[in-house]
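Text of run.csv, listed as CSV, C-alpha atoms and all ligand atoms:
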```
chain,number,residue,atom,x,y,z
E,158,MET,CA,113.4,66.7,104.0
E,159,VAL,CA,113.6,70.2,102.5
E,160,ARG,CA,117.1,71.7,102.4
E,161,SER,CA,116.9,74.0,99.4
E,162,ILE,CA,114.3,76.5,98.3
E,163,GLY,CA,114.1,77.8,94.7
E,164,LEU,CA,112.7,81.1,93.6
E,165,PRO,CA,112.3,81.2,89.8
E,166,LYS,CA,111.7,84.2,87.6
E,167,GLU,CA,108.1,84.3,86.6
E,168,THR,CA,107.3,83.4,82.9
E,169,LYS,CA,103.6,84.2,82.5
E,170,ASP,CA,102.8,86.9,80.0
E,171,GLY,CA,103.4,90.4,81.6
E,172,GLU,CA,104.1,88.9,85.0
E,173,ARG,CA,106.6,91.1,86.9
E,174,ARG,CA,105.9,89.9,90.5
E,175,VAL,CA,108.3,87.7,92.6
E,176,ALA,CA,107.1,85.5,95.4
E,177,LEU,CA,109.7,86.5,98.0
E,178,GLU,CA,111.3,89.9,98.6
E,179,PRO,CA,114.9,89.9,100.0
E,180,SER,CA,113.7,90.2,103.6
E,181,ALA,CA,111.7,87.0,103.3
E,182,VAL,CA,114.7,85.3,101.7
E,183,ALA,CA,116.7,86.5,104.7
E,184,SER,CA,114.3,84.7,107.1
E,185,ALA,CA,114.5,81.5,105.1
E,186,VAL,CA,118.4,81.6,105.1
E,187,ALA,CA,118.4,82.4,108.9
E,188,ALA,CA,116.1,79.3,109.4
E,189,GLY,CA,118.9,77.2,107.8
E,190,PHE,CA,117.6,76.7,104.2
E,191,GLN,CA,119.7,77.2,101.1
E,192,VAL,CA,117.8,79.6,98.9
E,193,ARG,CA,118.5,79.7,95.1
E,194,VAL,CA,117.2,82.8,93.3
E,195,GLN,CA,117.1,82.8,89.5
E,196,THR,CA,119.0,85.9,88.2
E,197,THR,CA,116.7,88.9,87.7
E,198,ALA,CA,113.8,87.1,89.4
E,199,GLY,CA,113.0,90.3,91.4
E,200,ILE,CA,113.9,92.9,88.9
E,201,GLY,CA,110.3,93.6,87.8
E,202,ALA,CA,109.4,94.4,91.4
E,203,GLY,CA,112.5,96.5,91.9
E,204,PHE,CA,114.7,93.9,93.8
E,205,SER,CA,118.2,93.4,92.4
E,206,ASP,CA,120.2,90.2,92.4
E,207,ASP,CA,122.6,92.1,94.8
E,208,GLU,CA,119.9,92.6,97.3
E,209,TYR,CA,119.1,88.9,97.4
E,210,LYS,CA,122.9,88.0,97.4
E,211,ARG,CA,123.4,90.3,100.4
E,212,VAL,CA,120.9,88.4,102.5
E,213,GLY,CA,122.6,85.0,101.7
E,214,ALA,CA,120.8,83.7,98.5
E,215,ALA,CA,122.7,81.9,95.8
E,216,ILE,CA,122.0,83.6,92.5
E,217,VAL,CA,121.8,81.0,89.7
E,218,ASP,CA,121.6,81.6,86.0
E,219,SER,CA,119.1,79.0,84.8
E,220,ALA,CA,115.5,78.1,85.7
E,221,GLU,CA,116.7,74.5,85.7
E,222,GLU,CA,119.0,75.1,88.6
E,223,VAL,CA,116.2,76.7,90.6
E,224,TRP,CA,113.7,74.0,89.9
E,225,ALA,CA,116.3,71.4,91.0
E,226,SER,CA,115.6,72.7,94.6
E,227,ASP,CA,113.7,70.5,97.1
E,228,LEU,CA,110.9,73.2,97.3
E,229,VAL,CA,110.0,75.7,94.6
E,230,VAL,CA,108.0,78.8,95.6
E,231,LYS,CA,106.7,81.1,92.9
E,232,VAL,CA,103.7,83.3,92.1
E,233,LYS,CA,101.7,82.0,89.1
E,234,GLU,CA,100.9,78.5,88.1
E,235,PRO,CA,103.7,76.9,86.1
E,236,GLN,CA,103.5,77.5,82.3
E,237,ASP,CA,103.7,74.8,79.7
E,238,ALA,CA,107.5,75.3,79.2
E,239,GLU,CA,108.0,74.7,83.0
E,240,TYR,CA,106.3,71.3,83.1
E,241,LYS,CA,109.6,69.7,82.1
E,242,TYR,CA,111.0,70.6,85.6
E,243,PHE,CA,108.3,68.5,87.4
E,244,ARG,CA,109.6,65.5,89.2
E,245,GLU,CA,108.6,63.0,91.9
E,246,GLY,CA,108.7,64.5,95.4
E,247,LEU,CA,109.3,68.1,94.3
E,248,ILE,CA,107.3,70.4,96.6
E,249,LEU,CA,105.6,73.3,94.7
E,250,PHE,CA,104.1,76.2,96.5
E,251,ASP,CA,102.3,78.9,94.4
E,252,TYR,CA,98.9,79.9,92.9
E,253,LEU,CA,97.6,76.9,91.0
E,254,HIS,CA,93.8,77.5,90.3
E,255,LEU,CA,93.6,73.9,89.2
E,256,ALA,CA,89.8,74.0,88.7
E,257,ALA,CA,90.5,76.1,85.6
E,258,GLU,CA,93.8,74.3,84.7
E,259,PRO,CA,93.0,70.6,84.0
E,260,LYS,CA,96.2,70.2,81.8
E,261,LEU,CA,98.4,71.5,84.6
E,262,ALA,CA,96.6,69.2,87.1
E,263,ALA,CA,97.3,66.2,84.9
E,264,ALA,CA,100.9,67.1,84.5
E,265,LEU,CA,101.4,67.5,88.2
E,266,GLN,CA,99.6,64.2,88.9
E,267,ALA,CA,101.6,62.3,86.3
E,268,SER,CA,105.0,63.6,87.6
E,269,GLY,CA,104.4,63.0,91.3
E,270,VAL,CA,104.8,66.7,92.4
E,271,GLU,CA,103.5,67.5,95.8
E,272,ALA,CA,101.5,70.6,94.8
E,273,PHE,CA,100.4,73.1,97.5
E,274,ALA,CA,98.2,76.1,96.3
E,275,PHE,CA,98.3,79.5,97.9
E,276,GLU,CA,94.6,80.1,97.1
E,277,THR,CA,93.2,77.2,99.1
E,278,LEU,CA,95.3,77.6,102.3
E,279,THR,CA,92.9,78.4,105.1
E,280,TYR,CA,95.1,78.9,108.2
E,281,PRO,CA,94.4,80.6,110.5
E,282,HIS,CA,91.0,81.6,108.8
E,283,GLY,CA,89.8,82.9,105.5
E,284,LEU,CA,92.2,82.7,102.6
E,285,PRO,CA,95.3,84.5,103.9
E,286,LEU,CA,97.5,83.9,100.8
E,287,LEU,CA,94.7,84.9,98.3
E,288,ALA,CA,93.5,88.0,100.2
E,289,PRO,CA,96.5,90.3,99.5
E,290,MET,CA,96.2,89.7,95.7
E,291,SER,CA,92.4,90.0,95.8
E,292,GLU,CA,92.8,93.3,97.5
E,293,ILE,CA,95.1,94.6,94.7
E,294,ALA,CA,93.0,93.0,91.9
E,295,GLY,CA,89.9,94.5,93.3
E,296,ARG,CA,91.3,98.0,93.4
E,297,ALA,CA,92.7,97.5,89.9
E,298,ALA,CA,89.2,96.4,88.7
E,299,ALA,CA,87.8,99.8,89.4
E,300,ILE,CA,90.7,101.5,87.7
E,301,VAL,CA,90.6,99.4,84.5
E,302,GLY,CA,86.8,99.4,84.4
E,303,ALA,CA,86.8,103.2,84.5
E,304,TYR,CA,89.6,103.3,81.9
E,305,TYR,CA,87.8,101.0,79.4
E,306,LEU,CA,84.4,102.8,79.9
E,307,ALA,CA,86.1,105.8,78.3
E,308,SER,CA,86.8,104.0,75.0
E,309,GLY,CA,83.6,102.0,75.2
E,310,SER,CA,80.4,103.8,75.9
E,311,GLY,CA,82.2,107.0,76.8
E,312,THR,CA,80.8,107.0,80.3
E,313,LEU,CA,82.6,108.7,83.3
E,314,LEU,CA,82.1,106.7,86.5
E,315,GLY,CA,81.3,109.8,88.6
E,316,GLY,CA,78.9,111.5,86.2
E,317,ALA,CA,78.7,115.3,86.3
E,318,ALA,CA,76.3,118.0,87.5
E,319,GLY,CA,73.0,117.2,85.9
E,320,VAL,CA,74.2,113.8,84.7
E,321,GLN,CA,73.7,110.6,86.6
E,322,PRO,CA,76.8,108.7,87.7
E,323,ALA,CA,77.7,105.3,86.1
E,324,ARG,CA,76.1,102.2,87.5
E,325,VAL,CA,78.5,99.5,88.7
E,326,VAL,CA,77.5,96.0,89.8
E,327,VAL,CA,79.9,93.9,91.8
E,328,VAL,CA,79.1,90.2,92.0
E,329,GLY,CA,80.7,88.7,95.1
E,330,LEU,CA,81.5,91.1,97.9
E,331,GLY,CA,84.5,89.3,99.4
E,332,VAL,CA,88.0,90.8,99.5
E,333,ALA,CA,88.3,91.5,95.8
E,334,GLY,CA,84.7,92.7,95.3
E,335,THR,CA,84.8,94.9,98.4
E,336,MET,CA,87.9,96.7,97.1
E,337,ALA,CA,86.4,97.0,93.6
E,338,ALA,CA,83.3,98.6,95.2
E,339,ARG,CA,85.4,100.9,97.3
E,340,GLY,CA,87.4,102.0,94.2
E,341,ALA,CA,84.2,102.7,92.2
E,342,ARG,CA,82.6,104.5,95.1
E,343,GLY,CA,85.7,106.5,95.5
E,344,MET,CA,85.2,107.7,91.9
E,345,ASP,CA,81.5,108.5,92.8
E,346,ALA,CA,79.9,105.7,90.8
E,347,GLU,CA,76.6,104.2,92.0
E,348,VAL,CA,77.6,100.7,93.2
E,349,THR,CA,75.4,97.7,93.8
E,350,GLY,CA,76.9,94.8,95.7
E,351,VAL,CA,75.6,91.3,95.1
E,352,ASP,CA,76.4,88.3,97.4
E,353,ILE,CA,74.9,85.1,98.6
E,354,ASP,CA,76.2,85.8,102.1
E,355,LEU,CA,73.7,88.2,103.7
E,356,HIS,CA,76.2,89.1,106.5
E,357,ARG,CA,78.6,90.4,103.9
E,358,LEU,CA,75.8,92.5,102.4
E,359,TYR,CA,74.9,93.8,105.8
E,360,GLN,CA,78.5,94.8,106.5
E,361,ALA,CA,78.9,96.5,103.1
E,362,HIS,CA,75.6,98.3,103.6
E,363,MET,CA,76.5,99.5,107.1
E,364,GLU,CA,80.0,100.6,106.1
E,365,GLY,CA,78.8,102.4,103.1
E,366,THR,CA,81.1,100.5,100.7
E,367,VAL,CA,78.2,100.2,98.3
E,368,THR,CA,75.1,102.3,97.5
E,369,SER,CA,72.8,99.3,97.5
E,370,THR,CA,72.9,95.6,98.1
E,371,LEU,CA,71.2,92.6,96.4
E,372,ALA,CA,70.8,89.1,97.6
E,373,SER,CA,72.3,86.9,94.9
E,374,SER,CA,69.7,85.2,92.6
E,375,ASP,CA,69.4,84.8,88.8
E,376,SER,CA,66.6,87.4,88.6
E,377,ALA,CA,68.3,89.9,90.8
E,378,ILE,CA,71.5,89.7,88.8
E,379,ALA,CA,69.6,89.9,85.5
E,380,GLU,CA,67.9,93.1,86.5
E,381,ALA,CA,71.0,94.7,88.0
E,382,VAL,CA,73.3,93.8,85.0
E,383,ALA,CA,70.8,95.1,82.4
E,384,GLY,CA,71.2,98.6,83.8
E,385,ALA,CA,74.9,98.5,84.5
E,386,ASP,CA,77.8,100.3,82.8
E,387,LEU,CA,80.4,98.2,84.6
E,388,VAL,CA,80.1,94.7,86.0
E,389,VAL,CA,82.8,93.2,88.2
E,390,GLY,CA,82.8,89.4,88.7
E,391,ALA,CA,84.4,88.4,92.0
E,392,ALA,CA,82.4,85.4,93.3
E,393,LEU,CA,84.4,82.5,94.7
E,394,VAL,CA,83.7,79.1,96.1
E,395,THR,CA,87.1,78.0,97.4
E,396,GLY,CA,88.8,75.5,95.1
E,397,ALA,CA,85.7,75.1,92.9
E,398,LYS,CA,85.1,76.2,89.3
E,399,ALA,CA,83.5,79.7,89.5
E,400,PRO,CA,79.7,79.5,89.1
E,401,HIS,CA,78.4,81.3,86.0
E,402,LEU,CA,76.3,83.8,87.8
E,403,VAL,CA,76.1,86.4,85.0
E,404,LYS,CA,74.6,84.7,82.0
E,405,LYS,CA,75.2,85.4,78.3
E,406,GLU,CA,71.7,86.9,78.0
E,407,HIS,CA,72.4,89.3,80.9
E,408,ILE,CA,75.5,90.5,79.1
E,409,ALA,CA,73.5,90.9,75.8
E,410,SER,CA,71.1,93.2,77.7
E,411,MET,CA,73.9,95.7,78.5
E,412,ARG,CA,74.4,98.9,76.6
E,413,PRO,CA,77.0,98.6,73.8
E,414,GLY,CA,80.4,99.8,75.0
E,415,SER,CA,79.7,98.7,78.6
E,416,VAL,CA,82.5,96.9,80.4
E,417,VAL,CA,82.9,93.7,82.4
E,418,VAL,CA,85.9,92.9,84.5
E,419,ASP,CA,85.8,89.2,85.5
E,420,LEU,CA,88.4,88.7,88.3
E,421,ALA,CA,87.0,85.2,89.0
E,422,ILE,CA,88.5,84.2,85.6
E,423,ASP,CA,91.4,82.4,87.4
E,424,GLN,CA,88.8,80.0,88.7
E,425,GLY,CA,87.1,79.8,85.2
E,426,GLY,CA,85.1,83.0,85.4
E,427,CYS,CA,81.7,83.9,87.0
E,428,ILE,CA,80.5,85.6,83.8
E,429,GLU,CA,79.4,83.1,81.1
E,430,THR,CA,80.9,85.0,78.2
E,431,SER,CA,84.4,85.4,79.9
E,432,GLN,CA,87.5,83.8,78.4
E,433,PRO,CA,91.0,84.2,79.9
E,434,THR,CA,93.0,87.2,78.6
E,435,SER,CA,96.5,88.3,79.2
E,436,LEU,CA,98.2,91.6,80.2
E,437,SER,CA,99.5,92.0,76.6
E,438,HIS,CA,96.0,91.4,75.2
E,439,PRO,CA,93.6,92.3,78.1
E,440,THR,CA,90.3,92.7,76.4
E,441,PHE,CA,87.9,91.3,73.8
E,442,VAL,CA,84.3,92.4,72.8
E,443,GLU,CA,81.4,90.0,73.1
E,444,SER,CA,77.8,91.1,72.5
E,445,GLY,CA,79.1,94.7,72.2
E,446,VAL,CA,80.5,94.5,75.8
E,447,ILE,CA,84.2,95.0,76.5
E,448,HIS,CA,85.5,92.0,78.5
E,449,TYR,CA,88.6,92.4,80.7
E,450,CYS,CA,89.5,88.9,81.9
E,451,VAL,CA,93.2,89.0,82.8
E,452,THR,CA,94.2,86.1,85.0
E,453,ASN,CA,97.1,87.9,86.7
E,454,VAL,CA,95.8,91.5,87.3
E,455,PRO,CA,98.2,92.2,90.3
E,456,GLY,CA,101.1,91.5,88.0
E,457,GLN,CA,100.9,95.0,86.7
E,458,TYR,CA,101.6,96.4,90.1
E,459,PRO,CA,104.6,94.3,90.8
E,460,ARG,CA,106.2,96.3,93.6
E,461,THR,CA,103.1,96.6,95.8
E,462,ALA,CA,101.9,93.1,94.9
E,463,SER,CA,105.3,91.3,95.5
E,464,ARG,CA,105.7,93.0,98.9
E,465,ALA,CA,102.1,92.1,100.0
E,466,LEU,CA,102.4,88.5,98.7
E,467,SER,CA,105.9,88.0,100.2
E,468,ALA,CA,104.7,89.1,103.6
E,469,ALA,CA,101.8,86.6,103.6
E,470,VAL,CA,103.8,83.7,102.0
E,471,ALA,CA,107.0,83.9,104.0
E,472,PRO,CA,105.8,82.5,107.3
E,473,ARG,CA,103.8,79.8,105.6
E,474,LEU,CA,106.7,78.8,103.4
E,475,LEU,CA,108.9,78.1,106.5
E,476,ASP,CA,106.0,76.1,108.0
E,477,LEU,CA,105.8,74.0,104.8
E,478,ALA,CA,109.5,73.6,104.4
E,479,ARG,CA,109.9,72.4,108.0
E,480,ASP,CA,106.9,70.0,108.0
E,481,ALA,CA,104.7,69.4,104.9
E,482,SER,CA,101.9,68.1,107.2
E,483,SER,CA,101.9,71.2,109.4
E,484,PRO,CA,98.4,72.3,110.4
E,485,ARG,CA,99.6,75.9,109.6
E,486,ILE,CA,99.3,75.1,105.9
E,487,GLU,CA,95.8,73.6,106.2
E,488,GLY,CA,93.9,73.4,102.9
E,489,ALA,CA,96.9,74.1,100.7
E,490,LEU,CA,97.7,70.6,99.6
E,491,ASN,CA,96.0,70.0,96.2
E,492,ILE,CA,97.9,67.1,94.7
E,493,SER,CA,99.8,64.4,96.6
E,494,HIS,CA,101.4,61.2,95.2
E,495,GLY,CA,99.5,61.6,91.9
E,496,LYS,CA,96.1,62.1,93.5
E,497,ILE,CA,94.0,65.3,93.8
E,498,VAL,CA,93.4,65.5,97.5
E,499,HIS,CA,91.6,68.8,97.9
E,500,PRO,CA,87.8,67.8,97.8
E,501,ALA,CA,86.6,70.9,95.9
E,502,VAL,CA,89.4,70.8,93.4
E,503,ALA,CA,88.8,67.1,92.8
E,504,LYS,CA,85.1,67.7,92.3
E,505,ALA,CA,85.7,70.6,89.9
E,506,LEU,CA,88.1,68.5,87.8
E,507,ALA,CA,85.8,65.5,87.7
E,508,GLU,CA,82.9,67.6,86.3
F,1,LIG,N1,92.2,87.8,88.0
F,1,LIG,C1,93.1,88.0,89.0
F,1,LIG,O1,94.2,88.5,88.7
F,1,LIG,C2,92.8,87.8,90.4
F,1,LIG,C3,93.6,88.3,91.5
F,1,LIG,C4,93.2,88.0,92.8
F,1,LIG,C5,92.0,87.3,93.0
F,1,LIG,N2,91.3,86.8,92.0
F,1,LIG,C6,90.0,86.1,92.1
F,1,LIG,O2,89.0,86.9,92.6
F,1,LIG,C7,87.9,85.9,93.1
F,1,LIG,C8,87.4,86.5,94.4
F,1,LIG,O3,88.4,86.3,95.4
F,1,LIG,P1,88.2,86.8,96.9
F,1,LIG,O4,89.5,86.7,97.6
F,1,LIG,O5,87.5,88.1,96.9
F,1,LIG,O6,87.3,85.7,97.5
F,1,LIG,P2,86.4,85.8,98.8
F,1,LIG,O7,86.2,84.4,99.3
F,1,LIG,O8,86.9,86.8,99.7
F,1,LIG,O9,85.0,86.4,98.2
F,1,LIG,C9,84.2,85.6,97.4
F,1,LIG,C10,82.7,86.1,97.6
F,1,LIG,O10,81.9,85.4,96.6
F,1,LIG,C11,80.7,85.2,97.2
F,1,LIG,N3,79.9,84.3,96.5
F,1,LIG,C12,80.0,82.9,96.5
F,1,LIG,N4,79.0,82.4,95.7
F,1,LIG,C13,78.2,83.4,95.3
F,1,LIG,C14,77.0,83.5,94.6
F,1,LIG,N5,76.4,82.4,94.1
F,1,LIG,N6,76.5,84.7,94.3
F,1,LIG,C15,77.1,85.9,94.8
F,1,LIG,N7,78.2,85.8,95.6
F,1,LIG,C16,78.8,84.6,95.8
F,1,LIG,C17,81.1,84.8,98.7
F,1,LIG,O11,80.0,84.8,99.6
F,1,LIG,C18,82.2,85.8,99.0
F,1,LIG,O12,81.7,86.9,99.6
F,1,LIG,C19,88.6,84.6,93.2
F,1,LIG,O13,88.3,83.8,92.0
F,1,LIG,C20,90.1,84.9,93.1
F,1,LIG,O14,90.9,83.9,92.7
F,1,LIG,C21,91.6,87.1,90.7
```

Just give me the structure of the file as structure tokens.
Amino acid sequence: MVRSIGLPKETKDGERRVALEPSAVASAVAAGFQVRVQTTAGIGAGFSDDEYKRVGAAIVDSAEEVWASDLVVKVKEPQDAEYKYFREGLILFDYLHLAAEPKLAAALQASGVEAFAFETLTYPHGLPLLAPMSEIAGRAAAIVGAYYLASGSGTLLGGAAGVQPARVVVVGLGVAGTMAARGARGMDAEVTGVDIDLHRLYQAHMEGTVTSTLASSDSAIAEAVAGADLVVGAALVTGAKAPHLVKKEHIASMRPGSVVVDLAIDQGGCIETSQPTSLSHPTFVESGVIHYCVTNVPGQYPRTASRALSAAVAPRLLDLARDASSPRIEGALNISHGKIVHPAVAKALAE
């Protein structure tokens, strides 16, 4: 039975989000839970210890005291230094992305943590705890893509009178891809959206989110990427390792100084040449192409991102704390009693 909920300060590089804003903590306190907040956990998002204290949270000094709670809710997957807090029966609720984190999966299994992932929760439909961060990461992709194109090939997304606009290819037109496409269109780039789901392409086409659409295939992607200034990777198969849709040879065919932003990197990346990068060291160059593969893009917009995440997480947190088998947290359970129980995650980790 859950009596206490812990809210630690995030430890991932550059991460300034917090999983619950004070109003969400107020709801948990009103529901009868003791909420322990690690001191300064909300500071990066502009929430002071006093604001949490005023709504009834206990402010504690150490991560150890927070992790001693029955349920720990946080933003990013636990970092190596946090594995020591794992213990049998602890309920963990956060982004896990285990398909790309086999070491974390093994540590959670070995310690007997009940691990629930935001990104695989499907109630009531879609991916309601992934969507708010995908929305922010998608918008950010257009901004950082435009920024790195300046220092790369020196191309301005919108072009100029007498000069063609830049060509942007977005692979995966879900939540993140759609927002990236909108951002790039908003800067007057020419945007091609690629998806395997024809209905999504139809919607984007009808709404004018993109200038053209392409049904996903190796040859279509090869052709589109060869002429692109900016490629955004945003394809997802829930729980699975991201498919390598953009191949090494496609990247090699791009103009030197072009840019790729692989948002799907948290699931391993949908661009073959991608490697995870951090907010402190966001890019590397491969085949002359600038790669931006940050695994926590929304962490650089902590105020907006924390409020959006908290609004989505708060009701599901109460459902989970009251009843870990609630249908309202369907799809979230990844590891239970040492076993990987989410089929797509289990398949990805077995490969
Ligand atoms: N790096 C970050 O900080 C960050 C932040 C938020 C989200 N993300 C990631 O962005 C990715 C996209 O998330 P989302 O919420 O937009 O997912 P989504 O489910 O809304 O969209 C995924 C899209 O990919 C498409 N797709 C699947 N297979 C495809 C294929 N073979 N070819 C073309 N398209 C294909 C799907 O049809 C769908 O439209 C995820 O990996 C998510 O974790 C990353």

Next item on the list: Grab me every residue within 8 Å of ligand LIG 1 (chain F), counting only C-alpha atoms and all ligand atoms, and send it over as a PyMOL selection string.
Entry: chain E and resi 254+276+283-284+287-295+328-335+351-354+357+372-374+390-395+399-400+402+419-426+450-456

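One finds CA of Thr440 (chain E) at 20.3 Å from CA of Ala323 (chain E).
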
Margin query: Given the point (79.8, 92.8, 71.7) in the coordinates of this file, which residues lie within 12 Å, counting only C-alpha atoms, and how would they look as JSON, numbers by chain?
Written below: {"E": [309, 310, 405, 406, 408, 409, 410, 411, 412, 413, 414, 415, 416, 417, 430, 431, 440, 441, 442, 443, 444, 445, 446, 447, 448]}

How would the residues just picked look written out with C-alpha atoms as a compact mmCIF listing (two decimals), in the coordinates of the input?
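Written output follows (part-v8.txt):
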```txt
# COMPACT_ATOMS: atom_id res chain seq x y z
CA GLY E 309 83.60 102.00 75.20
CA SER E 310 80.40 103.80 75.90
CA LYS E 405 75.20 85.40 78.30
CA GLU E 406 71.70 86.90 78.00
CA ILE E 408 75.50 90.50 79.10
CA ALA E 409 73.50 90.90 75.80
CA SER E 410 71.10 93.20 77.70
CA MET E 411 73.90 95.70 78.50
CA ARG E 412 74.40 98.90 76.60
CA PRO E 413 77.00 98.60 73.80
CA GLY E 414 80.40 99.80 75.00
CA SER E 415 79.70 98.70 78.60
CA VAL E 416 82.50 96.90 80.40
CA VAL E 417 82.90 93.70 82.40
CA THR E 430 80.90 85.00 78.20
CA SER E 431 84.40 85.40 79.90
CA THR E 440 90.30 92.70 76.40
CA PHE E 441 87.90 91.30 73.80
CA VAL E 442 84.30 92.40 72.80
CA GLU E 443 81.40 90.00 73.10
CA SER E 444 77.80 91.10 72.50
CA GLY E 445 79.10 94.70 72.20
CA VAL E 446 80.50 94.50 75.80
CA ILE E 447 84.20 95.00 76.50
CA HIS E 448 85.50 92.00 78.50
```

Next item on the list: Determine the nearest neighbour of Glu172 (chain E) from the options E:Ser184, E:Ser482, E:Ser435, E:Thr461, counting all atoms listed in the file.
Entry: E:Ser435

Next item on the list: Please indicate the distance in Å from CA of Gln195 (chain E) to CA of Val217 (chain E), rounded to one decimal place.
Entry: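 Separating CA of Gln195 (chain E) from CA of Val217 (chain E) is a distance of 5.0 Å.
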
Produce a table with one row for each residue of region 368-390 of chain E that has an atom at most 9 Å from any atom of region 336-347 of chain E, each row naming the nearest atom pair and its distance in Å at one decimal; use all atoms listed in the file; arrange rows by chain and rising residue number; format as a Markdown table.
```
| residue | atom | partner | partner_atom | distance |
| --- | --- | --- | --- | --- |
| E:Thr368 | CA | E:Glu347 | CA | 6.0 |
| E:Ser369 | CA | E:Glu347 | CA | 8.3 |
| E:Val389 | CA | E:Ala337 | CA | 7.5 |
```

Margin query: Residues within 12 Å of Ile216 (chain E), please, as a PyMOL selection string. Count all atoms listed in the file; anything in the same chain fewer than 6 positions from it doesn't count.
Written below: chain E and resi 162-166+182+191-199+205-210+222-223

Notebook entry, point to check: Which value, in Å to one decimal, gives the distance between CA of Arg160 (chain E) and CA of Ala185 (chain E)?
Noted result: 10.5 Å

Margin query: Which residue is closest to Leu387 (chain E)? Choose from E:Val230, E:Ala202, E:Ala317, E:Val301 and count all atoms listed in the file.
Written below: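 Closest candidate: E:Val301.
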
Checklist line | Surrounding residues of Leu255 (chain E) excluding itself and chain neighbours under 3 positions, 10 Å, only C-alpha atoms, as a count of residues only | finding: 22

Check: Hey, which of E:Ala478, E:Ala215, E:Val175, E:Ala183 ends up closest to Lys233 (chain E)? Count all atoms listed in the file.
Finding: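 For Lys233 (chain E), the nearest of the given residues is E:Val175.
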
Checklist line | For Ala188 (chain E), the nearest of the candidates E:Arg464, E:Arg211, E:Arg479, E:Arg296, counting all atoms listed in the file | finding: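 Residue with the minimum atom-to-atom distance to Ala188 (chain E): E:Arg479.
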
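The residue that comes closest to Ser268 (chain E), out of E:Glu221, E:Ser467, E:Ala187, E:Gly495 and on the basis of all atoms listed in the file, is E:Gly495.
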
Notebook entry, point to check: Can you list, as a list in words, every protein, DNA or RNA residue that comes within 7 Å of Gly201 (chain E) when you count all atoms listed in the file, leaving out same-chain residues fewer than 4 positions away?
Noted result: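 So the residues in contact are Arg173, Arg174 and Pro459 of chain E.
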
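Distances here use all atoms listed in the file; by that measure, the residue among E:Ala303, E:Leu177, E:Ala257, E:Ile200 closest to Lys231 (chain E) is E:Leu177.
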
Margin query: Given the point (103.2, 77.1, 86.2) in the coordinates of this file, which residues lie within 9 Å, counting only C-alpha atoms, and how would they look as JSON, numbers by chain?
Written below: {"E": [167, 168, 169, 231, 232, 233, 234, 235, 236, 237, 238, 239, 240, 251, 252, 253, 261]}

For region 171-183 of chain E, supply N, CA and C atoms and report the output as a compact mmCIF listing (two decimals), keeping the file's coordinate frame.
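Below is the file that was written, selection-v6.txt:
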```txt
# COMPACT_ATOMS: atom_id res chain seq x y z
N GLY E 171 103.52 89.12 80.84
CA GLY E 171 103.40 90.40 81.60
C GLY E 171 103.63 90.30 83.06
N GLU E 172 103.98 89.12 83.56
CA GLU E 172 104.10 88.90 85.00
C GLU E 172 105.40 89.46 85.53
N ARG E 173 105.35 90.47 86.42
CA ARG E 173 106.60 91.10 86.90
C ARG E 173 106.71 90.89 88.46
N ARG E 174 105.78 90.10 89.05
CA ARG E 174 105.90 89.90 90.50
C ARG E 174 106.98 88.84 90.80
N VAL E 175 107.38 88.80 92.07
CA VAL E 175 108.30 87.70 92.60
C VAL E 175 107.65 87.31 93.90
N ALA E 176 107.78 86.01 94.22
CA ALA E 176 107.10 85.50 95.40
C ALA E 176 107.69 85.93 96.73
N LEU E 177 109.00 86.14 96.75
CA LEU E 177 109.70 86.50 98.00
C LEU E 177 110.52 87.76 97.77
N GLU E 178 110.39 88.74 98.64
CA GLU E 178 111.30 89.90 98.60
C GLU E 178 112.54 89.53 99.39
N PRO E 179 113.62 90.30 99.27
CA PRO E 179 114.90 89.90 100.00
C PRO E 179 114.70 89.68 101.46
N SER E 180 113.86 90.46 102.17
CA SER E 180 113.70 90.20 103.60
C SER E 180 113.15 88.86 103.92
N ALA E 181 112.28 88.37 103.04
CA ALA E 181 111.70 87.00 103.30
C ALA E 181 112.76 85.96 102.98
N VAL E 182 113.61 86.21 102.00
CA VAL E 182 114.70 85.30 101.70
C VAL E 182 115.65 85.25 102.92
N ALA E 183 115.88 86.42 103.53
CA ALA E 183 116.70 86.50 104.70
C ALA E 183 116.20 85.58 105.82
```
